[in-house]
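What follows is a set of notes on a single structure, which appears directly below.
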There are 4 protein chains.
Amino acid sequence: MEFASDNTGPVHPKVMEALSRANEGYAPGYGDDAIMAEVRTGLRDLFEAPDAAVHLVATGTAANSLLLATMANPWDTVFCSDMAHIHEDECNAPEFFMGGTKLTLVPTTAARMTPDALRATIAAEGSRGVHGPQRGPVSITQATEKGTVHSLEELRALTDVAHEFGLKTHLDGARFANACVRLGCTPAEMTWKSGIDAVSFGGTKNGLMGVEAAIMFAPDDGASWEFELRRKRGAHLFSKHRYLSAQMQAYLADDLWHEMATAANAASDRLLAGLRAHPDVAVLHDPACNLIFASFPRVAHKRLHDAGAHYYVWDGDVDAGDPDERLTGRFVCDWSKDHAEIDRFLEVLAG
Amino acid sequence: MEFASDNTGPVHPKVMEALSRANEGYAPGYGDDAIMAEVRTGLRDLFEAPDAAVHLVATGTAANSLLLATMANPWDTVFCSDMAHIHEDECNAPEFFMGGTKLTLVPTTAARMTPDALRATIAAEGSRGVHGPQRGPVSITQATEKGTVHSLEELRALTDVAHEFGLKTHLDGARFANACVRLGCTPAEMTWKSGIDAVSFGGTKNGLMGVEAAIMFAPDDGASWEFELRRKRGAHLFSKHRYLSAQMQAYLADDLWHEMATAANAASDRLLAGLRAHPDVAVLHDPACNLIFASFPRVAHKRLHDAGAHYYVWDGDVDAGDPDERLTGRFVCDWSKDHAEIDRFLEVLAG
Amino acid sequence: MEFASDNTGPVHPKVMEALSRANEGYAPGYGDDAIMAEVRTGLRDLFEAPDAAVHLVATGTAANSLLLATMANPWDTVFCSDMAHIHEDECNAPEFFMGGTKLTLVPTTAARMTPDALRATIAAEGSRGVHGPQRGPVSITQATEKGTVHSLEELRALTDVAHEFGLKTHLDGARFANACVRLGCTPAEMTWKSGIDAVSFGGTKNGLMGVEAAIMFAPDDGASWEFELRRKRGAHLFSKHRYLSAQMQAYLADDLWHEMATAANAASDRLLAGLRAHPDVAVLHDPACNLIFASFPRVAHKRLHDAGAHYYVWDGDVDAGDPDERLTGRFVCDWSKDHAEIDRFLEVLAG
Amino acid sequence: MEFASDNTGPVHPKVMEALSRANEGYAPGYGDDAIMAEVRTGLRDLFEAPDAAVHLVATGTAANSLLLATMANPWDTVFCSDMAHIHEDECNAPEFFMGGTKLTLVPTTAARMTPDALRATIAAEGSRGVHGPQRGPVSITQATEKGTVHSLEELRALTDVAHEFGLKTHLDGARFANACVRLGCTPAEMTWKSGIDAVSFGGTKNGLMGVEAAIMFAPDDGASWEFELRRKRGAHLFSKHRYLSAQMQAYLADDLWHEMATAANAASDRLLAGLRAHPDVAVLHDPACNLIFASFPRVAHKRLHDAGAHYYVWDGDVDAGDPDERLTGRFVCDWSKDHAEIDRFLEVLAG
């Protein structure tokens, strides 16, 4: 009963097959492989963005950090949610790649920035002339770190605020596919058609081994080359690049990305329905992708842990303390999640 | 007829099999996978270094940069050969990860620093008190960027010089296995028994998809944890780490690393013998691993290129110019190199 | 009628005389001048800290940034008030010098962190293992950016929290003297006797031309030399260092620092009494040094500005808008402030 | 008998007077003082460059590092002489401010790069695509670190090479005035009329307390503001800026910069003539400003040191060793050097 992360699950068999196919014969290194040419076209088609700059890296933190470094100056501040992965979970990687740029935190509701909060935060920064940090890009996470999803209208409202101030926008799409499936929209609609200038299009959490596409929809002159130099300087240019390309190739073929996210969301929906049906469980936020936060008494957590369930509890010790005290668990379903496992989890939870 | 790089060849089937095996079920992310525990032990055993700090990254530049950053201060200078990969081919990644540390170039003979040149270079630096850069670690490449190999005595002589000055030593082992096989020594003999404090133990050029082990033999207190923080901050900690571990697992099993390097060296030896037998060919340096530099007339290069041979020529245009002008080619054989392909190459060369 | 800043006033004549005296003959550069030896002893005596590491720089931002860089790792986060000068007014200099370290903002009351807020903020950070930033030093400003002063008990309570978590403490003392005079305590009492590990002992805002002392009370092995290397690498080591030393020499002689701060505080008290006596004026925070924030109707601001008064108003346009709307001004008195000028200001304010 | 450095001498009395005059009343901080407006115009007039961006900093290392950071990317390499101050004597400050940019050393004759050596060095770099550092600006020192001076033709030949490759040029003018006086040319002729894009116009070594002007002759859009942000972020923006302005004001008035450099050069010429007249003395390089390197037997050094002469000897111990062994001393004369002191030095040397 594994619900710890979408990083703990296996890679989709079609991805493994693509890797095997890619492993025949010789191929130029460093991104000049033929598969990458195909992937570049495939991503531009998927995003309906024929002029987009498209590069692959192996980690989400690399995609976020390199894109933001290409968009921000070292004396700027990036506006992001107070729960943003780039703030909480990347050990200062964005600050490192950007050269000391600051992150300014925007208050959130269910991990979503509101346009008013964003506007107020931007307005309060950047007014000190040379003394304070300058206003830099706005980074939005979709789906959010709490499992919620911005509607297209919400995204547009946020990017409108950014553009009012002349600021660029970045989308951290580590769970891009899950959100896109939920909204029933196209990748283009969830990005540049909603005012997004650059996206980290995640694959790793959604069934790949380790690939993210960093996409800039209308790169400034030189920005694509700058990204390449930053990627190399960050030690993120793979010599045997074909094995990154092959993963993305499989991801795009027959919309595997969509299929896997659909499966993950469906599993999560099943779990969510079960959790909501339980009288002792309170579901937090408003989960709309494959990430659920829910609180219930320690005694139930203990029962689940004893039965071998894996998931994170950050606000207390499951094994020691008042049995009635409520603790919050995070429950993640990936593309491979067996529904029977979910049902078993819910049975154990029911006691 | 592919001789462009050891990065253009395929991954060994046993590595692909290990990846498939690793792809079953759930596994903790971020280096906490069970395979990594096995790999850590395996590498400590291989290097006869039970207290070594062992971490995996996906690129050689990451291994070099992160190790050097852990060993050097931003106000130091690293001593390395004037042909070092960290100087010529990493787009300032070491400087970036170290925070602006300088590299001081040591003159070389056939890409090997001599102890005298190293001593003189170190002596000339670091004598300006607070004004100049401070003396930092010494980085040695084995095998070198020109295909030569330091003997154990040569390595020891260089590390002795470093230690005389109280400096630490790093070995860039992108082609570690090829050198080790050539010397017929153990990994321990080629590292800590020769005075090496840290090694980038390469796998990518030698049949893996993209894995290098960064090993510190006697890490200072806190250095292993510092490496982990630097790796995460550099966006080089893989969430689905098991797929790095699995590659290294296969590399260690039945000494696959040794087997592949033996094959690559044998192929290169065959090519070398053929080149040397040709009256118009001058072999440069003193090739001792899977990397050969050789010069011969343009007309022969053109014949080879027209026949589909791939390799690098940096000092002129193969297709245009005096047919008798000599140009230098670089010829690399990887583990998978078919001897028949070498023979065909030599036939075309012979004209 | 100048109340814009303590940076807009003149240098004390005794400081100018010291500069002239220092300008005789030859003196070794780069901090090896005889005056610096005297100043080092003088500062150690003043702070009752015979083992303190003592260095001079020319700007407060340099003192703060270099001390924090010596105390924090690039993967750490520094805890500071949400109004801290290092956060709001140094254009990412701390982040630059520290190599991308984050600042975590602690909520304040009248610009003072409370021990509870500090504890909660520290507790919430640093619990994500390698994924999040690590806990770094705590930086406290005394006097604060809003003119308030922590009591010795308040300082001790904050440093106790820091030390509970094993964290070091830094005091941004740009207005150290003003606070010290107000508390009627010794410099030692306001620093290491209250648990402060390092202080930026400001001179520039208090009558010097441009000198701050960076003092570490119990430096770790090598920390003093590290500071020197960081200072040089930051381009903050003055070749003609004697002119920094001479300013600090004058500052210490006959407790000029104390005399100037006493004068500045007295002027500010006079202004404060006048402001408080005015029925339309609301004094903000709880001013205890030479910095007052007060709000009153636009019409009065306009009258003052038309009469030539200089001070900052950040929340609106003095010249345009509803005459009754209240705007907040910041009023700073330096050591040289003429009481007659204050009285005139109050007369114009009274209308 | 002080010949250690032009940093050990006093500040010119006219500069001290200007500081005193500047010390009256209130003045806006951070570069908005009225004297700076005057100085900006004065420098633009002096350099015949009405559109130049002009900023003041307190150290030469800051001027060099901030200008180079504004001109170079972190993935570039700066071309400079192998004896350049930015390479040897700034403790990695340029690398720090540039974010890890490399310096590529160009071989020199008497500390002067030759156009051929520069061209060959540039040609050899930047040809590795994304793998190697990219070509960045060329930095030239005038007068050089060895006391030699480039003729205008030599400067032009070097900047022509840079511009052939599309690279910008920087002049480290720590001893700008000494060279300019020697060449009998105008500041414009020695800079933009010779193809220089930016200059660190030194004052500190030539009689000021600590001021250098950083001047960009035809700044790119936004480059002047970028410099200001970098200066603030580097902690080099002075709050009481008027005291930097006042020094430069005095420097420009009645061409004091020219007068002081003339005096320093004259003193150095007198010393040079005396050294050349001595049969045991070998003068190195081809001194053309206030910096002389000369070798003579230890016994003479010892005699001078015993008589109280101060100067640097880096290649041996003056007090111990073979009396006949030749050691090299560096002898610097500043604007204030008394000719009688020189004559006394020469007498002691004569023995």
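Ordering of the structure tokens sets the chain letters (A, B, ...); residue numbers start at 1 within each chain; ligands are numbered from 1 in the order shown.
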
* Asked: Which residues of chain C are close to chain B, meaning at most 10 Å apart when you count only C-alpha atoms, and how do they look as a count of residues only?
  -> 24

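Around range 182-198 of chain A, within 6 Å and counting only C-alpha atoms, the residues found are Phe47, Arg156, Thr159, Thr169, His170, Ala179, Cys180, Ile215, Met216 and Phe217 of chain A, once anything fewer than 2 positions away on its own chain is removed.
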
* Asked: Where in range 114-221 of chain B does DSSP assign helix (DSSP H, G or I), given as a ChimeraX atom specification?
  -> /B:115-124,152-164,176-183,192-194,204-206

Let me see the file: selected residues, N, CA, C and O atoms, as a short mmCIF file (atom, residue, chain, number, x, y, z; two decimals), in the first residue's frame.
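As a result, out-v2.cif now contains:
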data_model
loop_
_atom_site.label_atom_id
_atom_site.label_comp_id
_atom_site.auth_asym_id
_atom_site.auth_seq_id
_atom_site.Cartn_x
_atom_site.Cartn_y
_atom_site.Cartn_z
N PRO B 115 55.65 16.20 -11.98
CA PRO B 115 55.77 16.67 -10.59
C PRO B 115 56.50 18.01 -10.50
O PRO B 115 56.11 18.88 -9.72
N ASP B 116 57.51 18.18 -11.30
CA ASP B 116 58.25 19.44 -11.25
C ASP B 116 57.39 20.61 -11.69
O ASP B 116 57.40 21.69 -11.08
N ALA B 117 56.66 20.40 -12.78
CA ALA B 117 55.79 21.48 -13.26
C ALA B 117 54.71 21.79 -12.23
O ALA B 117 54.39 22.95 -11.97
N LEU B 118 54.18 20.75 -11.62
CA LEU B 118 53.15 20.95 -10.60
C LEU B 118 53.71 21.71 -9.40
O LEU B 118 53.14 22.68 -8.92
N ARG B 119 54.90 21.28 -8.95
CA ARG B 119 55.51 21.93 -7.79
C ARG B 119 55.78 23.41 -8.08
O ARG B 119 55.48 24.29 -7.28
N ALA B 120 56.33 23.66 -9.26
CA ALA B 120 56.66 25.04 -9.61
C ALA B 120 55.39 25.89 -9.69
O ALA B 120 55.37 27.05 -9.25
N THR B 121 54.34 25.31 -10.23
CA THR B 121 53.09 26.07 -10.37
C THR B 121 52.48 26.36 -9.01
O THR B 121 52.02 27.48 -8.74
N ILE B 122 52.45 25.35 -8.16
CA ILE B 122 51.90 25.58 -6.81
C ILE B 122 52.75 26.60 -6.07
O ILE B 122 52.23 27.52 -5.42
N ALA B 123 54.07 26.46 -6.20
CA ALA B 123 54.95 27.37 -5.47
C ALA B 123 54.73 28.82 -5.89
O ALA B 123 54.81 29.74 -5.07
N ALA B 124 54.43 29.00 -7.17
CA ALA B 124 54.25 30.36 -7.69
C ALA B 124 52.91 30.97 -7.30
O ALA B 124 52.72 32.17 -7.43
N LEU B 152 51.37 4.31 -11.87
CA LEU B 152 51.13 4.50 -10.43
C LEU B 152 52.23 5.36 -9.81
O LEU B 152 51.96 6.17 -8.92
N GLU B 153 53.45 5.19 -10.30
CA GLU B 153 54.56 6.00 -9.77
C GLU B 153 54.34 7.47 -10.11
O GLU B 153 54.62 8.36 -9.30
N GLU B 154 53.87 7.72 -11.31
CA GLU B 154 53.62 9.11 -11.70
C GLU B 154 52.49 9.73 -10.87
O GLU B 154 52.57 10.88 -10.44
N LEU B 155 51.45 8.94 -10.66
CA LEU B 155 50.36 9.44 -9.81
C LEU B 155 50.87 9.77 -8.42
O LEU B 155 50.57 10.82 -7.86
N ARG B 156 51.62 8.85 -7.87
CA ARG B 156 52.15 9.04 -6.52
C ARG B 156 53.04 10.27 -6.46
O ARG B 156 52.98 11.05 -5.49
N ALA B 157 53.85 10.46 -7.48
CA ALA B 157 54.74 11.62 -7.47
C ALA B 157 53.93 12.92 -7.47
O ALA B 157 54.27 13.89 -6.79
N LEU B 158 52.84 12.92 -8.21
CA LEU B 158 52.00 14.13 -8.25
C LEU B 158 51.27 14.36 -6.93
O LEU B 158 51.23 15.49 -6.42
N THR B 159 50.73 13.29 -6.37
CA THR B 159 50.00 13.48 -5.11
C THR B 159 50.97 13.82 -3.98
O THR B 159 50.61 14.54 -3.06
N ASP B 160 52.19 13.31 -4.08
CA ASP B 160 53.20 13.69 -3.07
C ASP B 160 53.44 15.19 -3.10
O ASP B 160 53.57 15.84 -2.04
N VAL B 161 53.53 15.74 -4.29
CA VAL B 161 53.73 17.19 -4.39
C VAL B 161 52.55 17.92 -3.75
O VAL B 161 52.73 18.85 -2.95
N ALA B 162 51.35 17.49 -4.10
CA ALA B 162 50.16 18.14 -3.52
C ALA B 162 50.21 18.08 -2.00
O ALA B 162 50.01 19.09 -1.31
N HIS B 163 50.50 16.91 -1.48
CA HIS B 163 50.47 16.74 -0.03
C HIS B 163 51.60 17.50 0.66
O HIS B 163 51.43 17.96 1.79
N GLU B 164 52.74 17.63 -0.02
CA GLU B 164 53.81 18.51 0.50
C GLU B 164 53.28 19.88 0.87
O GLU B 164 53.68 20.49 1.86
N PHE B 176 38.32 6.17 -16.03
CA PHE B 176 39.02 5.47 -14.96
C PHE B 176 39.26 4.00 -15.33
O PHE B 176 40.37 3.47 -15.20
N ALA B 177 38.21 3.35 -15.78
CA ALA B 177 38.30 1.90 -16.03
C ALA B 177 39.32 1.59 -17.11
O ALA B 177 40.12 0.64 -16.99
N ASN B 178 39.33 2.40 -18.17
CA ASN B 178 40.28 2.15 -19.25
C ASN B 178 41.72 2.24 -18.76
O ASN B 178 42.59 1.47 -19.16
N ALA B 179 41.97 3.21 -17.88
CA ALA B 179 43.32 3.35 -17.33
C ALA B 179 43.67 2.21 -16.40
O ALA B 179 44.78 1.66 -16.42
N CYS B 180 42.70 1.86 -15.58
CA CYS B 180 42.93 0.83 -14.57
C CYS B 180 43.24 -0.52 -15.24
O CYS B 180 44.16 -1.24 -14.82
N VAL B 181 42.48 -0.81 -16.27
CA VAL B 181 42.72 -2.04 -17.02
C VAL B 181 44.11 -2.01 -17.64
O VAL B 181 44.87 -2.99 -17.60
N ARG B 182 44.46 -0.87 -18.21
CA ARG B 182 45.78 -0.76 -18.85
C ARG B 182 46.89 -0.98 -17.85
O ARG B 182 47.87 -1.68 -18.13
N LEU B 183 46.75 -0.40 -16.68
CA LEU B 183 47.81 -0.53 -15.68
C LEU B 183 47.79 -1.90 -15.02
O LEU B 183 48.77 -2.29 -14.36
N TRP B 192 43.42 5.85 -3.64
CA TRP B 192 43.94 6.26 -2.33
C TRP B 192 45.30 5.67 -2.02
O TRP B 192 46.10 6.29 -1.31
N LYS B 193 45.59 4.49 -2.58
CA LYS B 193 46.94 3.94 -2.35
C LYS B 193 48.00 4.74 -3.10
O LYS B 193 49.19 4.61 -2.82
N SER B 194 47.56 5.53 -4.07
CA SER B 194 48.46 6.45 -4.76
C SER B 194 48.29 7.88 -4.29
O SER B 194 48.79 8.81 -4.93
N THR B 204 29.63 6.57 -17.49
CA THR B 204 28.89 6.95 -18.70
C THR B 204 29.67 6.66 -19.97
O THR B 204 29.11 6.17 -20.95
N LYS B 205 30.96 6.99 -19.96
CA LYS B 205 31.76 6.75 -21.17
C LYS B 205 32.05 5.26 -21.35
O LYS B 205 32.54 4.85 -22.40
N ASN B 206 31.79 4.48 -20.34
CA ASN B 206 32.16 3.08 -20.37
C ASN B 206 30.93 2.17 -20.29
O ASN B 206 30.89 1.22 -19.52
#

* Got a sec: who's within 7 Å of range 317-334 of chain A, counting only C-alpha atoms, leaving out chain neighbours fewer than 2 positions off, as number ranges by chain? -> A: 3-6, 9, 206, 264, 267-268, 290-299, 301-302, 311-313, 315, 336-337

For the residues in that selection, give me N, CA and C atoms as a PDB file, in the first residue's frame.
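In the end it all went to out_38.pdb:
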ATOM      1  N   PHE A   3       1.592   4.995  -0.936  1.00  0.00           N
ATOM      2  CA  PHE A   3       1.010   6.283  -1.303  1.00  0.00           C
ATOM      3  C   PHE A   3       1.983   7.427  -0.990  1.00  0.00           C
ATOM      4  N   ALA A   4       3.264   7.085  -0.907  1.00  0.00           N
ATOM      5  CA  ALA A   4       4.240   8.069  -0.423  1.00  0.00           C
ATOM      6  C   ALA A   4       4.495   9.179  -1.440  1.00  0.00           C
ATOM      7  N   SER A   5       4.594   8.812  -2.708  1.00  0.00           N
ATOM      8  CA  SER A   5       4.976   9.834  -3.692  1.00  0.00           C
ATOM      9  C   SER A   5       4.743   9.297  -5.085  1.00  0.00           C
ATOM     10  N   ASP A   6       4.591  10.189  -6.058  1.00  0.00           N
ATOM     11  CA  ASP A   6       4.568   9.717  -7.436  1.00  0.00           C
ATOM     12  C   ASP A   6       5.989   9.466  -7.926  1.00  0.00           C
ATOM     13  N   GLY A   9       6.969   5.151  -7.703  1.00  0.00           N
ATOM     14  CA  GLY A   9       6.405   4.148  -8.593  1.00  0.00           C
ATOM     15  C   GLY A   9       7.316   3.814  -9.762  1.00  0.00           C
ATOM     16  N   ASN A 206       5.237  11.490 -13.556  1.00  0.00           N
ATOM     17  CA  ASN A 206       4.133  10.899 -14.313  1.00  0.00           C
ATOM     18  C   ASN A 206       4.614   9.752 -15.202  1.00  0.00           C
ATOM     19  N   ALA A 264      -3.694   8.075 -12.997  1.00  0.00           N
ATOM     20  CA  ALA A 264      -3.318   8.542 -11.657  1.00  0.00           C
ATOM     21  C   ALA A 264      -4.468   9.315 -11.028  1.00  0.00           C
ATOM     22  N   ALA A 267      -7.293   6.903  -9.952  1.00  0.00           N
ATOM     23  CA  ALA A 267      -6.931   6.219  -8.697  1.00  0.00           C
ATOM     24  C   ALA A 267      -7.116   7.168  -7.521  1.00  0.00           C
ATOM     25  N   SER A 268      -6.667   8.368  -7.686  1.00  0.00           N
ATOM     26  CA  SER A 268      -6.768   9.348  -6.614  1.00  0.00           C
ATOM     27  C   SER A 268      -8.227   9.681  -6.320  1.00  0.00           C
ATOM     28  N   ASN A 290      -3.629  14.132  -8.281  1.00  0.00           N
ATOM     29  CA  ASN A 290      -3.304  12.858  -7.659  1.00  0.00           C
ATOM     30  C   ASN A 290      -2.638  12.987  -6.283  1.00  0.00           C
ATOM     31  N   LEU A 291      -3.008  14.035  -5.582  1.00  0.00           N
ATOM     32  CA  LEU A 291      -2.360  14.382  -4.319  1.00  0.00           C
ATOM     33  C   LEU A 291      -3.450  14.764  -3.334  1.00  0.00           C
ATOM     34  N   ILE A 292      -3.532  14.025  -2.238  1.00  0.00           N
ATOM     35  CA  ILE A 292      -4.594  14.285  -1.260  1.00  0.00           C
ATOM     36  C   ILE A 292      -3.983  14.478   0.126  1.00  0.00           C
ATOM     37  N   PHE A 293      -4.421  15.500   0.817  1.00  0.00           N
ATOM     38  CA  PHE A 293      -4.066  15.673   2.223  1.00  0.00           C
ATOM     39  C   PHE A 293      -5.322  15.432   3.045  1.00  0.00           C
ATOM     40  N   ALA A 294      -5.205  14.584   4.036  1.00  0.00           N
ATOM     41  CA  ALA A 294      -6.373  14.284   4.856  1.00  0.00           C
ATOM     42  C   ALA A 294      -5.949  14.037   6.293  1.00  0.00           C
ATOM     43  N   SER A 295      -6.785  14.454   7.228  1.00  0.00           N
ATOM     44  CA  SER A 295      -6.462  14.257   8.647  1.00  0.00           C
ATOM     45  C   SER A 295      -7.457  13.314   9.270  1.00  0.00           C
ATOM     46  N   PHE A 296      -6.952  12.479  10.171  1.00  0.00           N
ATOM     47  CA  PHE A 296      -7.811  11.583  10.953  1.00  0.00           C
ATOM     48  C   PHE A 296      -7.025  11.145  12.184  1.00  0.00           C
ATOM     49  N   PRO A 297      -7.702  10.475  13.103  1.00  0.00           N
ATOM     50  CA  PRO A 297      -7.055  10.174  14.388  1.00  0.00           C
ATOM     51  C   PRO A 297      -5.823   9.272  14.251  1.00  0.00           C
ATOM     52  N   ARG A 298      -4.890   9.496  15.173  1.00  0.00           N
ATOM     53  CA  ARG A 298      -3.658   8.723  15.191  1.00  0.00           C
ATOM     54  C   ARG A 298      -3.915   7.220  15.163  1.00  0.00           C
ATOM     55  N   VAL A 299      -4.952   6.793  15.857  1.00  0.00           N
ATOM     56  CA  VAL A 299      -5.200   5.360  15.952  1.00  0.00           C
ATOM     57  C   VAL A 299      -5.392   4.747  14.556  1.00  0.00           C
ATOM     58  N   HIS A 301      -4.164   6.052  11.726  1.00  0.00           N
ATOM     59  CA  HIS A 301      -2.842   6.065  11.074  1.00  0.00           C
ATOM     60  C   HIS A 301      -2.033   4.849  11.507  1.00  0.00           C
ATOM     61  N   LYS A 302      -2.084   4.600  12.795  1.00  0.00           N
ATOM     62  CA  LYS A 302      -1.281   3.496  13.310  1.00  0.00           C
ATOM     63  C   LYS A 302      -1.743   2.166  12.711  1.00  0.00           C
ATOM     64  N   TYR A 311       2.995   6.378   3.575  1.00  0.00           N
ATOM     65  CA  TYR A 311       2.649   7.754   3.183  1.00  0.00           C
ATOM     66  C   TYR A 311       3.266   8.672   4.222  1.00  0.00           C
ATOM     67  N   TYR A 312       3.331   9.953   3.912  1.00  0.00           N
ATOM     68  CA  TYR A 312       3.991  10.881   4.829  1.00  0.00           C
ATOM     69  C   TYR A 312       3.031  11.478   5.841  1.00  0.00           C
ATOM     70  N   VAL A 313       3.487  11.533   7.067  1.00  0.00           N
ATOM     71  CA  VAL A 313       2.812  12.291   8.125  1.00  0.00           C
ATOM     72  C   VAL A 313       3.856  13.225   8.705  1.00  0.00           C
ATOM     73  N   ASP A 315       3.138  16.033  10.788  1.00  0.00           N
ATOM     74  CA  ASP A 315       2.803  16.833  11.975  1.00  0.00           C
ATOM     75  C   ASP A 315       2.753  16.042  13.267  1.00  0.00           C
ATOM     76  N   SER A 336       0.402   3.927 -11.932  1.00  0.00           N
ATOM     77  CA  SER A 336       0.403   2.464 -11.866  1.00  0.00           C
ATOM     78  C   SER A 336      -0.465   1.938 -10.721  1.00  0.00           C
ATOM     79  N   LYS A 337      -1.094   2.835 -10.006  1.00  0.00           N
ATOM     80  CA  LYS A 337      -1.780   2.428  -8.771  1.00  0.00           C
ATOM     81  C   LYS A 337      -2.932   1.460  -9.036  1.00  0.00           C
TER      82      LYS A 337
END

* **Distance of CA of Gly234 in chain D from CA of Gln247 in chain C, expressed in Å to one decimal place** =>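 Going from CA of Gln247 in chain C over to CA of Gly234 in chain D, I get 22.5 Å.
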
* Tell me, in Å to one decimal, how far CA of Phe201 in chain B is from CA of Thr8 in chain A. =>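 That distance, rounded to one decimal, is 26.8 Å.
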
* Every residue of range 60-234 of chain D that DSSP places in strand (DSSP E or B), as an NGL selection string -> :D and (76-81 or 102-106 or 108-109 or 112-113 or 134-141 or 169-173 or 198-202 or 212-216)
